[in-house]
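Note sheet for the following structure.
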Amino acid sequence: MRIIMLGAPGAGKGTQAKRIAERLQVPHISTGDIFRANIKNGTELGMRAKSYMDAGSLVPDSLTLELVMDRIAGEDCQNGYVFDGFPRTIPQAEALEKALSELGQKVDFAVDIEVPDEDIIGRMGGRRACLQCGATYHVAYAAPKTEGVCDRCGAGLTLRDDDKPETVKKRLAVYHEQTQPLIDFYRNKGCLAQADGTKDVEDVFCEILKLLGV
Ligand code: ADP
Ligand code: ADP
Ligand code: ZN
């Protein structure tokens with residue numbers, strides 16, 4: 001199954017995408033994680049993406065698409081995947097449609113996690129990320145066993161540079177302007193599934209599984 005996740009920054013896309021991918025035994029592909037790993041390793045892609053990410057803007061479509069097309073050609077993607085954070089613009093969605101249709105494939109579900117802006121600000125301040133393995137925590141709602149330490153790999157947890165309140169406001173504005181139109185794009189394609197993201201992580205997951213029929 002080919003699934004994409006929609007929703008504001010902090011809506012819970014990563015949290016749910018990881019669970020869905022595990023359930024369906026397909027890769028979880030987070031463009032944000034890939035960019036962050038490249039920045040950490042000092043690659044050219046990372047250097048090109050960093051200034052946009054720090055400013056809370058989107059990385060240009062051409063750079064993002066290059067990375068995504070390369071990734072979905074991988075052997076492990078042949079039975080499907082869960083995209084998290086891609087597509088984020090109409091041109092990205094159209095490029096994905098085109099690439100898939102050339103292979104006789106399509107997006108099966110666009111899962112949109114709905115959370116009002118007021119709730120997002122609080123969630124992001126409490127988010128803690130492991131830059132080593134990509135795990136995500138929340139100081140109140142999903143705390144690690146030992147404060148500041150990743151349960152999965154033992155690395156130290158950090159507050160992402162772009163999760164500071166000023167940058168979160170900018171990212172929300174970018175979301176409303178450039179990414180929210182994808183909800184209608186996928187509604188028109190007949191594959192939109194909307195879930196209430198204000199509920200507990202477990203309840204949101206159950207709602208999504210029902211929508212996917214798995
Ligand atoms: P969040 O988890 O808050 O939704 P991500 O980790 O998905 O954030 O993305 C962090 C940043 O990485 C974005 O603000 C943007 O700068 C960049 N980015 C990630 N995915 C894309 C994409 N598909 N197109 C353009 N920029 C992207
Ligand atoms: P996104 O990938 O959409 O930016 P994340 O999955 O990283 O969102 O979640 C953002 C923050 O909110 C994280 O700290 C995460 O632990 C927390 N979170 C995710 N889902 C929920 C939920 N249903 N209720 C409360 N907090 C949540
Ligand atoms: Zn880790």
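Letters A, B, ... go to the chains of the structure tokens in the order shown; residues in each chain start at 1; ligands are counted from 1 in the same order.
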
Hey, which residues sit close to ligand 3? Say within 12 Å, counting only C-alpha atoms and all ligand atoms, and write them as a PyMOL selection string.
chain A and resi 128-137+144+148-158

Resulting file, chosen residues, N, CA and C atoms, as a compact mmCIF listing (two decimals), in the first residue's frame:
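Result saved to result.txt:
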# COMPACT_ATOMS: atom_id res chain seq x y z
N ARG A 128 10.77 16.28 21.63
CA ARG A 128 12.19 16.03 21.72
C ARG A 128 12.52 14.98 20.68
N ALA A 129 13.60 15.22 19.94
CA ALA A 129 13.93 14.32 18.83
C ALA A 129 15.28 13.66 19.06
N CYS A 130 15.40 12.43 18.60
CA CYS A 130 16.68 11.75 18.58
C CYS A 130 17.24 11.89 17.17
N LEU A 131 18.33 12.61 17.05
CA LEU A 131 18.91 12.82 15.71
C LEU A 131 19.69 11.60 15.25
N GLN A 132 19.93 10.66 16.18
CA GLN A 132 20.65 9.44 15.86
C GLN A 132 19.75 8.45 15.11
N CYS A 133 18.53 8.17 15.66
CA CYS A 133 17.69 7.12 15.07
C CYS A 133 16.33 7.63 14.59
N GLY A 134 16.01 8.91 14.79
CA GLY A 134 14.75 9.45 14.28
C GLY A 134 13.56 9.30 15.22
N ALA A 135 13.75 8.68 16.39
CA ALA A 135 12.63 8.53 17.33
C ALA A 135 12.19 9.91 17.84
N THR A 136 10.90 10.03 18.14
CA THR A 136 10.35 11.29 18.62
C THR A 136 9.66 11.08 19.96
N TYR A 137 9.83 12.03 20.86
CA TYR A 137 9.20 11.97 22.19
C TYR A 137 8.50 13.27 22.47
N PRO A 144 10.38 9.81 27.33
CA PRO A 144 11.31 8.67 27.32
C PRO A 144 11.45 8.12 28.74
N GLY A 148 15.74 12.93 28.62
CA GLY A 148 16.81 13.38 27.75
C GLY A 148 17.58 12.28 27.03
N VAL A 149 17.14 11.00 27.21
CA VAL A 149 17.87 9.89 26.59
C VAL A 149 16.93 9.05 25.73
N CYS A 150 17.37 8.71 24.51
CA CYS A 150 16.53 7.93 23.60
C CYS A 150 16.37 6.49 24.09
N ASP A 151 15.10 6.01 24.21
CA ASP A 151 14.82 4.63 24.63
C ASP A 151 15.42 3.62 23.66
N ARG A 152 15.39 3.98 22.36
CA ARG A 152 15.77 3.00 21.34
C ARG A 152 17.27 2.86 21.18
N CYS A 153 18.00 3.98 21.22
CA CYS A 153 19.43 3.88 20.87
C CYS A 153 20.35 4.49 21.91
N GLY A 154 19.79 5.14 22.95
CA GLY A 154 20.64 5.67 24.03
C GLY A 154 21.28 7.02 23.75
N ALA A 155 21.04 7.59 22.56
CA ALA A 155 21.63 8.91 22.25
C ALA A 155 20.88 10.01 23.03
N GLY A 156 21.49 11.17 23.09
CA GLY A 156 20.86 12.31 23.78
C GLY A 156 19.74 12.90 22.93
N LEU A 157 18.68 13.41 23.59
CA LEU A 157 17.56 13.99 22.85
C LEU A 157 17.73 15.50 22.75
N THR A 158 17.24 16.07 21.65
CA THR A 158 17.36 17.53 21.47
C THR A 158 16.03 18.14 21.07

Distance filter 6 Å around ligand 1, atoms: only C-alpha atoms and all ligand atoms, out as a ChimeraX atom specification:
/A:9-10,31-33,52-53,56-60,64,85-88

Output C-alpha atoms for every residue in that selection, as a PDB file, in the first residue's frame.
ATOM      1  CA  PRO A   9       3.729  20.388  11.620  1.00  0.00           C
ATOM      2  CA  GLY A  10       3.268  18.601  14.958  1.00  0.00           C
ATOM      3  CA  THR A  31      11.833  13.705   4.055  1.00  0.00           C
ATOM      4  CA  GLY A  32      12.487  15.808   7.187  1.00  0.00           C
ATOM      5  CA  ASP A  33      14.492  12.945   8.765  1.00  0.00           C
ATOM      6  CA  TYR A  52      15.501  26.815   4.330  1.00  0.00           C
ATOM      7  CA  MET A  53      14.771  24.498   7.239  1.00  0.00           C
ATOM      8  CA  GLY A  56      10.918  27.458   8.699  1.00  0.00           C
ATOM      9  CA  SER A  57      10.519  27.558   4.900  1.00  0.00           C
ATOM     10  CA  LEU A  58      10.205  24.626   2.549  1.00  0.00           C
ATOM     11  CA  VAL A  59      13.222  23.192   0.785  1.00  0.00           C
ATOM     12  CA  PRO A  60      12.842  23.833  -3.000  1.00  0.00           C
ATOM     13  CA  THR A  64      13.126  17.416  -2.532  1.00  0.00           C
ATOM     14  CA  GLY A  85       6.221  15.074   5.200  1.00  0.00           C
ATOM     15  CA  PHE A  86       6.035  14.533   1.438  1.00  0.00           C
ATOM     16  CA  PRO A  87       4.380  15.811  -0.716  1.00  0.00           C
ATOM     17  CA  ARG A  88       4.129  19.292   0.791  1.00  0.00           C
TER      18      ARG A  88
END

Just want the residues within 6 Å of ligand 2, written as a ChimeraX atom specification, counting only C-alpha atoms and all ligand atoms.
/A:9-15,123-124,126-128,136-138,141-142,197-201

The residue from A:Glu147, A:Asp84, A:Asp196, A:Asp162 with the smallest atom-to-atom distance to A:Arg2, counting only C-alpha atoms, is A:Asp84

DSSP on the backbone: which residues in stretch 14-188 of chain A end up as helix (DSSP H, G or I)? Give the answer as a PDB file with C-alpha atoms, in the first residue's frame.
ATOM      1  CA  GLY A  14       5.696  10.978  12.205  1.00  0.00           C
ATOM      2  CA  THR A  15       4.251   9.251  15.267  1.00  0.00           C
ATOM      3  CA  GLN A  16       1.475   7.605  13.262  1.00  0.00           C
ATOM      4  CA  ALA A  17       3.507   6.992  10.084  1.00  0.00           C
ATOM      5  CA  LYS A  18       6.009   4.870  12.026  1.00  0.00           C
ATOM      6  CA  ARG A  19       3.207   2.743  13.489  1.00  0.00           C
ATOM      7  CA  ILE A  20       1.411   2.311  10.175  1.00  0.00           C
ATOM      8  CA  ALA A  21       4.656   1.357   8.425  1.00  0.00           C
ATOM      9  CA  GLU A  22       5.416  -1.223  11.097  1.00  0.00           C
ATOM     10  CA  ARG A  23       1.909  -2.672  10.858  1.00  0.00           C
ATOM     11  CA  LEU A  24       2.040  -2.914   7.053  1.00  0.00           C
ATOM     12  CA  THR A  31      11.833  13.705   4.055  1.00  0.00           C
ATOM     13  CA  GLY A  32      12.487  15.808   7.187  1.00  0.00           C
ATOM     14  CA  ASP A  33      14.492  12.945   8.765  1.00  0.00           C
ATOM     15  CA  ILE A  34      16.463  12.476   5.539  1.00  0.00           C
ATOM     16  CA  PHE A  35      17.284  16.197   5.381  1.00  0.00           C
ATOM     17  CA  ARG A  36      18.288  16.235   9.068  1.00  0.00           C
ATOM     18  CA  ALA A  37      20.523  13.170   8.657  1.00  0.00           C
ATOM     19  CA  ASN A  38      22.215  14.871   5.698  1.00  0.00           C
ATOM     20  CA  ILE A  39      22.762  18.056   7.693  1.00  0.00           C
ATOM     21  CA  LYS A  40      24.236  16.050  10.553  1.00  0.00           C
ATOM     22  CA  GLU A  44      26.013  18.652   0.012  1.00  0.00           C
ATOM     23  CA  LEU A  45      22.265  17.950   0.093  1.00  0.00           C
ATOM     24  CA  GLY A  46      22.267  18.824   3.793  1.00  0.00           C
ATOM     25  CA  MET A  47      24.115  22.069   3.210  1.00  0.00           C
ATOM     26  CA  ARG A  48      21.671  23.061   0.490  1.00  0.00           C
ATOM     27  CA  ALA A  49      18.613  22.280   2.649  1.00  0.00           C
ATOM     28  CA  LYS A  50      19.743  23.752   5.981  1.00  0.00           C
ATOM     29  CA  SER A  51      19.081  27.470   5.491  1.00  0.00           C
ATOM     30  CA  TYR A  52      15.501  26.815   4.330  1.00  0.00           C
ATOM     31  CA  MET A  53      14.771  24.498   7.239  1.00  0.00           C
ATOM     32  CA  ASP A  54      16.236  26.846   9.844  1.00  0.00           C
ATOM     33  CA  ASP A  61      10.744  21.248  -4.871  1.00  0.00           C
ATOM     34  CA  SER A  62      13.575  20.280  -7.238  1.00  0.00           C
ATOM     35  CA  LEU A  63      15.884  19.277  -4.381  1.00  0.00           C
ATOM     36  CA  THR A  64      13.126  17.416  -2.532  1.00  0.00           C
ATOM     37  CA  LEU A  65      11.934  15.555  -5.622  1.00  0.00           C
ATOM     38  CA  GLU A  66      15.427  14.424  -6.538  1.00  0.00           C
ATOM     39  CA  LEU A  67      15.764  12.779  -3.145  1.00  0.00           C
ATOM     40  CA  VAL A  68      12.289  11.222  -3.140  1.00  0.00           C
ATOM     41  CA  MET A  69      12.475   9.744  -6.642  1.00  0.00           C
ATOM     42  CA  ASP A  70      15.789   8.180  -5.757  1.00  0.00           C
ATOM     43  CA  ARG A  71      14.345   6.719  -2.548  1.00  0.00           C
ATOM     44  CA  ILE A  72      11.223   5.137  -4.077  1.00  0.00           C
ATOM     45  CA  GLU A  75      14.192  -2.410  -3.678  1.00  0.00           C
ATOM     46  CA  ASP A  76      12.459  -2.097  -0.277  1.00  0.00           C
ATOM     47  CA  CYS A  77       9.803   0.265  -1.712  1.00  0.00           C
ATOM     48  CA  ILE A  90       0.964  20.870  -5.298  1.00  0.00           C
ATOM     49  CA  PRO A  91       3.955  20.594  -7.705  1.00  0.00           C
ATOM     50  CA  GLN A  92       5.430  17.824  -5.494  1.00  0.00           C
ATOM     51  CA  ALA A  93       2.086  15.973  -5.493  1.00  0.00           C
ATOM     52  CA  GLU A  94       1.781  16.309  -9.265  1.00  0.00           C
ATOM     53  CA  ALA A  95       5.342  15.039  -9.765  1.00  0.00           C
ATOM     54  CA  LEU A  96       4.606  12.041  -7.553  1.00  0.00           C
ATOM     55  CA  GLU A  97       1.379  11.277  -9.472  1.00  0.00           C
ATOM     56  CA  LYS A  98       3.276  11.422 -12.756  1.00  0.00           C
ATOM     57  CA  ALA A  99       6.136   9.206 -11.569  1.00  0.00           C
ATOM     58  CA  LEU A 100       3.717   6.635 -10.141  1.00  0.00           C
ATOM     59  CA  SER A 101       1.414   6.597 -13.162  1.00  0.00           C
ATOM     60  CA  GLU A 102       4.399   5.801 -15.387  1.00  0.00           C
ATOM     61  CA  ASP A 117      -3.246  25.491  15.381  1.00  0.00           C
ATOM     62  CA  GLU A 118      -3.743  26.315  19.098  1.00  0.00           C
ATOM     63  CA  ASP A 119      -2.829  22.739  20.087  1.00  0.00           C
ATOM     64  CA  ILE A 120       0.201  22.639  17.782  1.00  0.00           C
ATOM     65  CA  ILE A 121       2.247  25.324  19.543  1.00  0.00           C
ATOM     66  CA  GLY A 122       2.139  23.408  22.862  1.00  0.00           C
ATOM     67  CA  ARG A 123       3.005  20.115  21.239  1.00  0.00           C
ATOM     68  CA  MET A 124       6.051  21.432  19.441  1.00  0.00           C
ATOM     69  CA  GLY A 125       7.647  23.056  22.504  1.00  0.00           C
ATOM     70  CA  GLY A 126       7.529  19.636  24.206  1.00  0.00           C
ATOM     71  CA  ASP A 161      16.107  24.234  16.048  1.00  0.00           C
ATOM     72  CA  ASP A 162      12.943  24.698  14.024  1.00  0.00           C
ATOM     73  CA  ASP A 163      10.634  23.769  16.954  1.00  0.00           C
ATOM     74  CA  PRO A 165       7.929  29.110  18.921  1.00  0.00           C
ATOM     75  CA  GLU A 166       8.796  31.811  16.333  1.00  0.00           C
ATOM     76  CA  THR A 167       9.777  29.211  13.748  1.00  0.00           C
ATOM     77  CA  VAL A 168       6.720  27.073  14.531  1.00  0.00           C
ATOM     78  CA  LYS A 169       4.457  30.050  13.735  1.00  0.00           C
ATOM     79  CA  LYS A 170       6.235  30.520  10.419  1.00  0.00           C
ATOM     80  CA  ARG A 171       5.939  26.792   9.614  1.00  0.00           C
ATOM     81  CA  LEU A 172       2.218  26.851  10.382  1.00  0.00           C
ATOM     82  CA  ALA A 173       1.752  29.763   7.977  1.00  0.00           C
ATOM     83  CA  VAL A 174       3.734  27.880   5.311  1.00  0.00           C
ATOM     84  CA  TYR A 175       1.580  24.802   5.964  1.00  0.00           C
ATOM     85  CA  HIS A 176      -1.696  26.713   5.471  1.00  0.00           C
ATOM     86  CA  GLU A 177      -0.458  28.397   2.338  1.00  0.00           C
ATOM     87  CA  GLN A 178       1.421  25.601   0.546  1.00  0.00           C
ATOM     88  CA  THR A 179       0.463  22.206   2.001  1.00  0.00           C
ATOM     89  CA  PRO A 181      -4.337  22.688  -0.610  1.00  0.00           C
ATOM     90  CA  LEU A 182      -3.217  19.046  -0.917  1.00  0.00           C
ATOM     91  CA  ILE A 183      -6.258  18.026   1.151  1.00  0.00           C
ATOM     92  CA  ASP A 184      -8.560  19.028  -1.718  1.00  0.00           C
ATOM     93  CA  PHE A 185      -6.107  17.617  -4.269  1.00  0.00           C
ATOM     94  CA  TYR A 186      -6.365  14.132  -2.735  1.00  0.00           C
ATOM     95  CA  ARG A 187     -10.092  14.506  -1.941  1.00  0.00           C
ATOM     96  CA  ASN A 188     -10.617  15.020  -5.667  1.00  0.00           C
TER      97      ASN A 188
END
